[in-house]
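Undergrad: Below is a structure I'd like to ask you about.
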Amino acid sequence: MWKLARRTIRYRGKSLTATFLALFLGTVIVMSCGGLLETGVRNNAPAQRLARADLVVTGDRSVTPPSKGDEPDDSDDPAIMPEQVPVSTTALDRVRAVEGVRDAVAERTFDAALVPEARGGASPVKAQAHGWASAAFAPYRIAEGKAPARDGEVALDTRTARAAGVGPGDEVRIAAGDGTRTYTVSAVVKAAQEMDRAAVFLSDDAAQALAPAVADIAVRTAPGTDLGDVRDRVAAALDGQPLKVVTGDGRGTVEFPEVLTSGSDLVALAGAFGGMTTVVAIMVVSGTVALSVGQRRREFGLLRSIGSTQRQLRRMLLTETLLVAVVAAGAGWFVGPPVGRWLFGEFQGTGFVSDSVTYAQGWIPAVAAAGALLITALLGGWIGARRGVNVKPVEALREAEVQLRWAHPLRIVLAVLFLSGAAALAILTVLLFDGPIAGSTAGPTVLCAVIGFALLGPGLTKLMAWLIGGPVRRLTGAGGKLAVSHARVRAVRMAAAVTPLMLATGMATGNLYLQTTQIEATKSAYAANLRADAVLSPAAGGVSDALLAEVRRTKGVEAASAYATSTGFIDGVTDEDGIPLQGVSARQASLTTAVRPVAGSLEKLDGNTVALTTERARKLHKAVGDSFTLRLGDRDKVDVRIVALFKGRPGYETAFLPAGLLAAHTDLGRPSQILVRTSSSAAVPALASLAPGLEVTDRESLIEATAEDAQTQAWINYLLIAMIVAYTVLAVVNSLVLSVGNRSREFALQRLVGSTKGQVMKMLTIEALIVAAIGLLLGTAAASTSLFPFAHAAANTWMPSGPWWIYGAVVAGAVTLSLAATLLPAWAALRTRPVEAAGAQE
């Protein structure tokens with residue numbers, strides 16, 4: 001059978017080309033997702049500013065959540081704290097005393113911005129500020145001027161100096177800490193390597209005054225010492241403190257802490273889409289092989305009649321598929337990595353992945369893609385070949401053009417299981433989930449539904465053809481009658497085209513409207529919680545008490561609240577994602593936010609207090625006046641007392657703290673914004689002149705900006721879904737081209753009995769429209785199993801949100817695709833003279 005498979009390949013170019021394309025694209029997608037997966041697992045972010053530090057001591061942001069029982073739960077991943085965990089001043093002395101440490105410098109990192117002299121000037125130039133002692137660890141060298149040695153001097157890197165248009169001796173205004181002051185540029189420095197972030201350097205004393213907390217400790221070891229030994233000794237010296245010692249690429253996570261969370265997000269995304277692609281590939285390949293097998297029934301009948309067994313025929317088909325898979329793997333090996341790298345670049349462009357992370361694709365994705373390809377080829381080939389070889393020789397020779405049996409008991413059982421799974425997931429989405437988290441079950445619901453429908457494809461195709469047959473016959477006449485008759489008789493083969501079309505429609509409609517519904521729900525929740533007319537954001541350094549007081553004194557300002565955000569964790573509650581926290585000014589909160597307490601009062605939100613949603617308080621078994629322990633974003637624990645309860649929107653719940661309490665445990669150390677409620681629209685322009693570089697954003701712009709951020713994140717899902725939909729589109733084209741291209745004898749017989757080319761093309765046009773209609777109806781039904789439950793969970797409505805033109809584009813695409821893939825090969829087949837086509841052998 002090996003030799004026979006090799007010899008028959010040359011005569012099966014059309015069908016095997018379709019199988020090759022399906023396997024090739026599947027390999028490319030899986031391999032690119034494998035590259036993203038490996039990148040997320042490695043999560044390498046090479047050090048830049050700390051490149052010359054041998055090791056770095058930094059605060060440990062990972063906190064293991066409490067176990068659900070008496071025993072530790074190893075399945076729970078550690079929670080990543082959102083804020084910088086400060087390093088104690090005693091740690092610096094301990095590190096310096098360790099044997100093998102040559103030098104240890106306390107790193108202070110804080111935001112700064114060079115602001116224009118007057119309103120209407122250039123935009124602020126933002127950068128990270130550090131003490132001059134840390135410049136040696138990049139290293140930076142002085143290109144012009146001299147190092148900042150006293151208060152009031154600053155060194156700028158070349159990028160910042162160029163953007164601000166200044167050089168040594170010039171004066172600049174820098175916003176940092178709690179205010180803005182003028183500095184003299186003492187030097188322009190240049191880094192030894194390209195830096196992702198701009199930097200400015202103050203004198204060490206000035207940096208300490210603006211940022212008292214130590215962010216990390218950069219360490220250089222003595223020559224000749226073993227780095228591993230020094231690291232162990234430093235770790236031992238710091239035992240008992242929430243600190244960790246990192247080397248190598250671990251130093252990059254100190255500079256770019258966002259890397260700590262983006263890696264797991266990338267792993268989850270790549271794994272989900274890689275697995276989804278493998279499932280889709282199995283369906284596509286099995287459908288393509290099944291169609292090819294159906295067209296070779298006479299050949300198999302002849303082989304069976306001369307003594308070949310079913311096992312031998314199945315082995316021959318699997319061998320053919322594997323030979324094609326080898327070629328597809330070879331081609332995919334070269335195409336997969338560039339596609340993965342391109343996808344990774346797009347992810348970085350949207351901010352989903354930090355720009356500092358390096359793309360990594362070694363042998364692991366190649367092995368994963370090869371394994372997925374092998375599974376796809378074997379399983380898809382076996383499923384596609386099973387029905388074609390399980391017939392008697394006489395039946396195979398006789399049943400070349402009649403309806404095939406498809407309702408195998410195992411197929412029915414699997415279909416019921418997948419559809420039951422879709423129903424169960426839809427019910428869970430409605431009953432158990434609220435807000436964005438509902439997407440975790442909504443996505444798999446679509447996949448389960450389309451797999452269930454695909455398994456029942458022939459039966460559903462025949463049923464749908466019967467349902468729409470009457471209207472089609474009445475509207476289209478004789479051509480429609482013939483098309484409907486063919487649809488019923490050839491339901492199994494027509495299902496080979498309907499199934500991938502249903503798959504593409506279901507996944508496109510479902511996932512696109514999932515994203516638009518999520519965006520609209522996020523936008524609506526943000527707008528409902530915001531009553532402020534404007535939000536003020538300092539260029540850098542946060543909100544000072546003086547600025548807040550000045551805003552409140554501005555004419556036309558009715559209320560102004562300091563505002564800070566972070567994430568916290570309720571002590572003793574297992575919650576890897578934590579609870580969103582908002583810090584507000586007690587007496588101003590009722591005017592700048594939409595919170596309406598049902599118990600207690602927001603005016604008592606002072607000191608160590610908190611306002612919770614009624615739902616969260618119920619889960620904690622707490623009421624107004626009760627206390628609990630809250631772990632804030634920098635790992636510090638605070639005992640807080642509940643002073644107010646309010647109704648929150650399910651899935652978008654938050655907790656309110658005094659702005660001063662929350663801000664003290666954030667990277668800024670002070671509130672980041674001011675929420676302003678005005679009594680006159682003229683007050684908003686006046687606010688911009690209160691501080692250099694102060695950004696004033698009105699309510700509408702804030703809401704739109706929130707929607708744009710959500711849209712940016714959704715674009716990632718759009719991109720990956722587009723790849724899978726394009727893959728299924730290929731399957732539609734393969735199926736229709738193979739099916740129509742091998743009906744030349746049927747078309748010839750129709751023409752010999754009097755049909756014209758136009759009549760045949762009309763019949764095929766109606767058939768193509770029937771295929772498109774059935775695929776669209778089934779795909780829409782599959783998408784509905786996810787969309788309606790998700791809309792209820794995320795937005796408290798049963799109708800998904802999003803423009804109707806999206807579904808119109810899906811319908812237009814499906815119809816156009818079906819017509820083009822049917823009529824073009826039919827036109828080519830009809831160019832052959834009827835007598836020649838009728839006498840041609842398969």
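Letters A, B, ... go to the chains of the structure tokens in the order shown; residues in each chain start at 1; ligands are counted from 1 in the same order.
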May I have the residues within 6 Å of Ala199 in chain A as a list of chain:residue names, using only C-alpha atoms and disregarding those fewer than 3 positions away in the same chain?

TA: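 Contacts, with the query itself left out: A:Ala127, A:Gln128, A:Ala129, A:Asp157.
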
Undergrad: Quick one: residues within 12 Å of Leu463 in chain A, only C-alpha atoms counted, chain neighbours fewer than 3 positions away excluded, as a list of chain:residue names?

TA: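 So, after excluding close chain neighbours, the residues are A:Leu456, A:Gly457, A:Pro458, A:Gly459, A:Leu460, A:Trp466, A:Leu467, A:Ile468, A:Gly469, A:Val484, A:Ala487, A:Arg488, A:Val489, A:Ala491, A:Val492, A:Ala495, A:Ile774, A:Leu778.
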
Undergrad: Write out, as an mmCIF file, in the first residue's frame, the residues just selected, with C-alpha atoms.

TA:
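Dumped everything to selection_28.cif:
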```cif
data_model
loop_
_atom_site.group_PDB
_atom_site.id
_atom_site.type_symbol
_atom_site.label_atom_id
_atom_site.label_comp_id
_atom_site.auth_asym_id
_atom_site.auth_seq_id
_atom_site.Cartn_x
_atom_site.Cartn_y
_atom_site.Cartn_z
ATOM 1 C CA LEU A 456 -24.673 16.396 12.361
ATOM 2 C CA GLY A 457 -23.838 18.256 9.159
ATOM 3 C CA PRO A 458 -25.335 15.876 6.566
ATOM 4 C CA GLY A 459 -28.561 15.435 8.502
ATOM 5 C CA LEU A 460 -28.923 19.135 9.204
ATOM 6 C CA TRP A 466 -36.218 20.337 2.893
ATOM 7 C CA LEU A 467 -37.319 23.378 4.924
ATOM 8 C CA ILE A 468 -36.236 25.954 2.365
ATOM 9 C CA GLY A 469 -36.994 23.742 -0.650
ATOM 10 C CA VAL A 484 -33.328 21.422 -4.404
ATOM 11 C CA ALA A 487 -29.365 19.283 -2.422
ATOM 12 C CA ARG A 488 -31.494 16.527 -0.886
ATOM 13 C CA VAL A 489 -29.874 13.652 -2.771
ATOM 14 C CA ALA A 491 -26.772 16.134 1.261
ATOM 15 C CA VAL A 492 -23.670 14.303 2.527
ATOM 16 C CA ALA A 495 -22.414 19.084 3.894
ATOM 17 C CA ILE A 774 -27.710 26.685 5.224
ATOM 18 C CA LEU A 778 -26.388 27.041 11.181
#
```

Undergrad: When you look at Ala794 in chain A with a cut-off of 8 Å (counting only C-alpha atoms), what residues show up, excluding the ones that are within fewer than 6 positions of it in the same chain? I need them as a PyMOL selection string.

TA: chain A and resi 434-436+438+517-518+521+650-651

Undergrad: Write out as a ChimeraX atom specification the set of residues from range 390-481 of chain A that DSSP, computed on the backbone, places in helix (DSSP H, G or I).

TA: /A:393-398,409-432,435-455,457-481
